[in-house]
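Let me begin by presenting the structure, written as structure tokens, before commenting on it.
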Amino acid sequence: MSARISEHLDGQRLWGDLMALARFGAIDLGGVNRLALTREEIEARQALVAWAREIGVEAAVDAAANLYLRLEGREPSLPPLLTGSHIDTQPTGGKFDGAYGVVAGLAALRAIAASGRRPRRSVEVVAWMNEEGSRFAPGMMGSAVFTGKRALDEILTVRDKAGVSVREAIGPVLEKEKDLLRRPLGYPVAGFIEAHIEQGPTLEAKAKTIGIVTGIGGKRTFRVEVQGEPAHAGTSTRGERRDALVSAVAIVGALQKAIWDDADTVRFTIGMFTVTPNAPSVVPARVVFSVDLRHDDDETGRRLGDLVPVICQQARGKCDVTVVPLLYDPPLQFPASMRARVAEAAAKLGYASMELPSPAGHDARYLHYHCPTGMVFIPCKDGISHNEAESITQADAEAGARVLADVLFALADEP
Ligand code: HGY
Ligand code: MN
Ligand code: MN
């Protein structure tokens with residue numbers, strides 16, 4: 001019987017699964033557009049369930065459409081070990097953000113099954129619903145509801161730009177998966193380990209194969225609604241107008257001036273910006289835009305985030321403005337015990353590793369408050385992500401999955 005589970009990891013199959021999953025929502029330039037709860041994601045979920053069933057792993061789903069692939073342990077009544085990530089993407093997403101963690105988790109289950117050994121605890125791969133938050137904001141809805149950070153009823157009312165609610169979008173998913181076991185939300189979990197691409201340049205620059213993630217930076221998001229009045233572009237004078245675009249541009253300029261810092265440590269992004277009615281000869285009546293503010297220091301994040309509504313009011317001009325806070329997640333540090341597990345597994349496998357923080361958000365952020373949580377990073381080319389050009393090597397994909405498999409088995413088999 002082999003010493004390590006990772007010796008049974010099938011890297012070829014792992015890579016093949018990543019390429020196969022990327023076909024669901026494939027777009028030009030090698031990217032993927034697989035938004036939460038869309039047909040493309042339903043089809044990708046079906047593929048995951050089929051792959052899991054090949055090794056006798058049963059699938060389950062909960063009321064938030066989180067998908068669970070469970071490899072039973074010797075003592076199934078014990079709280080399971082969870083791994084996984086998300087398979088929804090950004091509109092100009094890559095093949096690997098999220099998908100890598102789910103596919104690597106499934107590869108780890110296959111390796112355990114192939115080893116002929118079963119750990120005490122069951123091990124489950126989870127595809128958390130709507131991590132990216134690009135169709136329905138804020139993101140990380142599935143893990144937030146599972147861990148009780150948000151109420152299911154609250155997220156079900158959120159609507160996308162077309163006015164479709166999460167409730168209306170989740171229906172077809174649960175209908176398609178009506179043959180799957182149903183899971184309660186928030187059940188006890190022994191631990192969560194998420195494998196993810198770094199989405200930054202550090203590991204590649206330092207020639208490290210494995211990232212031992214120390215924690216996740218703070219994140220605050222808002223929706224800003226600027227309300228003016230539609231008018232004729234030819235007959236209304238500037239003095240008469242309540243032009244929502246003029247006010248929105250003034251607000252954006254004031255926010256950037258107040259929040260961007262010379263040291264470039266604050267990540268301030270306005271990624272979504274919609275104008276209504278968005279017609280060439282109509283003075284803009286309404287502008288809605290997003291604010292995404294990140295910082296690894298909680299006091300700075302609090303101070304700068306608190307400025308957002310104040311500055312919006314000050315710079316609104318003749319329009320009305322409403323600022324809707326969506327998310328306030330403080331920075332966190334993963335427990336040393338989980339970081340040590342990742343470091344130990346990487347060292348035993350001979351992979352160069354280093355500790356580093358994650359400025360990007362992940363579902364591990366919420367699982368951290370539910371059970372002992374850690375993350376394993378692998379490098380991505382030039383740190384590119386949320387971009388069709390996102391790229392990793394097969395060797396790094398396999399290395400991360402091997403570390404994941406050994407960590408999962410060690411944690412799941414603990415006395
Ligand atoms: O936005 C984030 O940090 C994550 O990639 N969704
Ligand atoms: Mn991600
Ligand atoms: Mn992402």
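All residue names refer to the structure tokens as shown: chains lettered A, B, ... in order, residues numbered from 1 in each chain, ligands numbered from 1 in order.
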
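Where the distance criterion is 6 Å and the atoms used are only C-alpha atoms and all ligand atoms, the residues close to ligand 1 are Glu131, Glu132, Ala360, Gly361 and His362 of chain A.
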
Per-residue DSSP, range 216-305 of chain A, filtered to strand (DSSP E), as an mmCIF file with N, CA, C and O atoms, in the first residue's frame:
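Contents of the output file part_38.cif:
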data_model
loop_
_atom_site.group_PDB
_atom_site.id
_atom_site.type_symbol
_atom_site.label_atom_id
_atom_site.label_comp_id
_atom_site.auth_asym_id
_atom_site.auth_seq_id
_atom_site.Cartn_x
_atom_site.Cartn_y
_atom_site.Cartn_z
ATOM 1 N N ILE A 216 -6.603 36.331 3.757
ATOM 2 C CA ILE A 216 -7.301 37.017 2.659
ATOM 3 C C ILE A 216 -7.489 38.485 3.045
ATOM 4 O O ILE A 216 -7.845 38.788 4.193
ATOM 5 N N GLY A 218 -8.928 42.453 3.104
ATOM 6 C CA GLY A 218 -10.259 43.000 3.371
ATOM 7 C C GLY A 218 -10.926 43.468 2.083
ATOM 8 O O GLY A 218 -10.246 43.822 1.117
ATOM 9 N N LYS A 219 -12.262 43.440 2.073
ATOM 10 C CA LYS A 219 -12.991 43.817 0.853
ATOM 11 C C LYS A 219 -14.283 44.533 1.253
ATOM 12 O O LYS A 219 -15.009 44.064 2.141
ATOM 13 N N ARG A 220 -14.550 45.682 0.604
ATOM 14 C CA ARG A 220 -15.839 46.366 0.817
ATOM 15 C C ARG A 220 -16.410 46.693 -0.564
ATOM 16 O O ARG A 220 -15.664 47.133 -1.450
ATOM 17 N N THR A 221 -17.689 46.421 -0.773
ATOM 18 C CA THR A 221 -18.287 46.767 -2.072
ATOM 19 C C THR A 221 -19.576 47.566 -1.834
ATOM 20 O O THR A 221 -20.239 47.418 -0.795
ATOM 21 N N PHE A 222 -19.868 48.422 -2.797
ATOM 22 C CA PHE A 222 -21.061 49.274 -2.750
ATOM 23 C C PHE A 222 -21.688 49.320 -4.134
ATOM 24 O O PHE A 222 -21.009 49.073 -5.137
ATOM 25 N N ARG A 223 -22.982 49.674 -4.175
ATOM 26 C CA ARG A 223 -23.609 50.042 -5.439
ATOM 27 C C ARG A 223 -24.020 51.513 -5.314
ATOM 28 O O ARG A 223 -24.630 51.900 -4.303
ATOM 29 N N VAL A 224 -23.639 52.321 -6.270
ATOM 30 C CA VAL A 224 -23.952 53.754 -6.224
ATOM 31 C C VAL A 224 -24.983 54.072 -7.306
ATOM 32 O O VAL A 224 -24.780 53.736 -8.478
ATOM 33 N N GLU A 225 -26.103 54.666 -6.906
ATOM 34 C CA GLU A 225 -27.187 54.976 -7.853
ATOM 35 C C GLU A 225 -27.328 56.494 -7.939
ATOM 36 O O GLU A 225 -27.627 57.141 -6.934
ATOM 37 N N VAL A 226 -27.088 57.032 -9.128
ATOM 38 C CA VAL A 226 -27.181 58.487 -9.343
ATOM 39 C C VAL A 226 -28.459 58.761 -10.140
ATOM 40 O O VAL A 226 -28.627 58.228 -11.242
ATOM 41 N N GLN A 227 -29.363 59.546 -9.571
ATOM 42 C CA GLN A 227 -30.667 59.770 -10.206
ATOM 43 C C GLN A 227 -30.781 61.212 -10.691
ATOM 44 O O GLN A 227 -30.695 62.149 -9.903
ATOM 45 N N ARG A 267 -6.675 49.023 -3.430
ATOM 46 C CA ARG A 267 -7.239 48.544 -4.699
ATOM 47 C C ARG A 267 -8.669 49.091 -4.776
ATOM 48 O O ARG A 267 -9.525 48.684 -4.002
ATOM 49 N N PHE A 268 -8.859 50.082 -5.623
ATOM 50 C CA PHE A 268 -10.180 50.724 -5.743
ATOM 51 C C PHE A 268 -10.621 50.575 -7.192
ATOM 52 O O PHE A 268 -9.926 51.025 -8.096
ATOM 53 N N THR A 269 -11.786 49.906 -7.399
ATOM 54 C CA THR A 269 -12.205 49.572 -8.768
ATOM 55 C C THR A 269 -13.669 49.905 -8.981
ATOM 56 O O THR A 269 -14.504 49.558 -8.158
ATOM 57 N N PHE A 273 -20.631 49.986 -14.785
ATOM 58 C CA PHE A 273 -21.072 51.389 -14.902
ATOM 59 C C PHE A 273 -22.185 51.412 -15.949
ATOM 60 O O PHE A 273 -21.926 51.168 -17.124
ATOM 61 N N THR A 274 -23.428 51.590 -15.518
ATOM 62 C CA THR A 274 -24.516 51.549 -16.510
ATOM 63 C C THR A 274 -25.223 52.905 -16.555
ATOM 64 O O THR A 274 -25.466 53.527 -15.538
ATOM 65 N N VAL A 275 -25.545 53.314 -17.788
ATOM 66 C CA VAL A 275 -26.219 54.590 -18.028
ATOM 67 C C VAL A 275 -27.615 54.277 -18.560
ATOM 68 O O VAL A 275 -27.774 53.437 -19.446
ATOM 69 N N THR A 276 -28.627 54.958 -18.037
ATOM 70 C CA THR A 276 -30.009 54.785 -18.514
ATOM 71 C C THR A 276 -30.569 56.143 -18.908
ATOM 72 O O THR A 276 -30.346 57.120 -18.177
ATOM 73 N N ARG A 286 -30.117 58.228 -15.356
ATOM 74 C CA ARG A 286 -29.697 57.448 -14.183
ATOM 75 C C ARG A 286 -28.377 56.772 -14.503
ATOM 76 O O ARG A 286 -28.165 56.292 -15.629
ATOM 77 N N VAL A 287 -27.513 56.742 -13.526
ATOM 78 C CA VAL A 287 -26.254 55.983 -13.648
ATOM 79 C C VAL A 287 -26.129 55.106 -12.399
ATOM 80 O O VAL A 287 -26.367 55.583 -11.283
ATOM 81 N N VAL A 288 -25.839 53.843 -12.628
ATOM 82 C CA VAL A 288 -25.587 52.927 -11.501
ATOM 83 C C VAL A 288 -24.184 52.358 -11.690
ATOM 84 O O VAL A 288 -23.845 51.886 -12.786
ATOM 85 N N PHE A 289 -23.357 52.465 -10.641
ATOM 86 C CA PHE A 289 -22.015 51.893 -10.786
ATOM 87 C C PHE A 289 -21.579 51.179 -9.511
ATOM 88 O O PHE A 289 -22.150 51.387 -8.432
ATOM 89 N N SER A 290 -20.597 50.306 -9.672
ATOM 90 C CA SER A 290 -20.098 49.488 -8.546
ATOM 91 C C SER A 290 -18.837 50.126 -7.966
ATOM 92 O O SER A 290 -18.109 50.829 -8.660
ATOM 93 N N VAL A 291 -18.637 49.885 -6.678
ATOM 94 C CA VAL A 291 -17.367 50.249 -6.023
ATOM 95 C C VAL A 291 -16.825 48.995 -5.358
ATOM 96 O O VAL A 291 -17.531 48.333 -4.602
ATOM 97 N N ASP A 292 -15.586 48.649 -5.686
ATOM 98 C CA ASP A 292 -14.922 47.477 -5.092
ATOM 99 C C ASP A 292 -13.633 47.991 -4.468
ATOM 100 O O ASP A 292 -12.744 48.465 -5.150
ATOM 101 N N LEU A 293 -13.569 47.935 -3.127
ATOM 102 C CA LEU A 293 -12.441 48.519 -2.379
ATOM 103 C C LEU A 293 -11.756 47.422 -1.585
ATOM 104 O O LEU A 293 -12.416 46.682 -0.833
ATOM 105 N N ARG A 294 -10.453 47.271 -1.786
ATOM 106 C CA ARG A 294 -9.721 46.189 -1.082
ATOM 107 C C ARG A 294 -8.530 46.776 -0.340
ATOM 108 O O ARG A 294 -7.833 47.654 -0.888
ATOM 109 N N HIS A 295 -8.273 46.242 0.849
ATOM 110 C CA HIS A 295 -7.061 46.634 1.550
ATOM 111 C C HIS A 295 -6.728 45.572 2.585
ATOM 112 O O HIS A 295 -7.633 44.984 3.170
#

In terms of the shortest atom-to-atom distance over only C-alpha atoms and all ligand atoms, which of A:Arg4, A:His86, A:Arg316, A:Arg53 is closest to ligand 3? A:His86

Around ligand 2, out to 9 Å and counting only C-alpha atoms and all ligand atoms, which residues are there? I want them as a ChimeraX atom specification. /A:85-89,96-101,131-132,196-197,199,360-363,386

What's the separation between CA of Cys380 in chain A and CA of Gly94 in chain A, in Å to one decimal place?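 Between CA of Cys380 in chain A and CA of Gly94 in chain A the gap is 10.8 Å.
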
Please provide as a ChimeraX atom specification all residues within 12 Å of Pro280 in chain A, with the sequence filter that same-chain residues fewer than 5 positions apart are discarded (counting only C-alpha atoms). /A:230-234,275
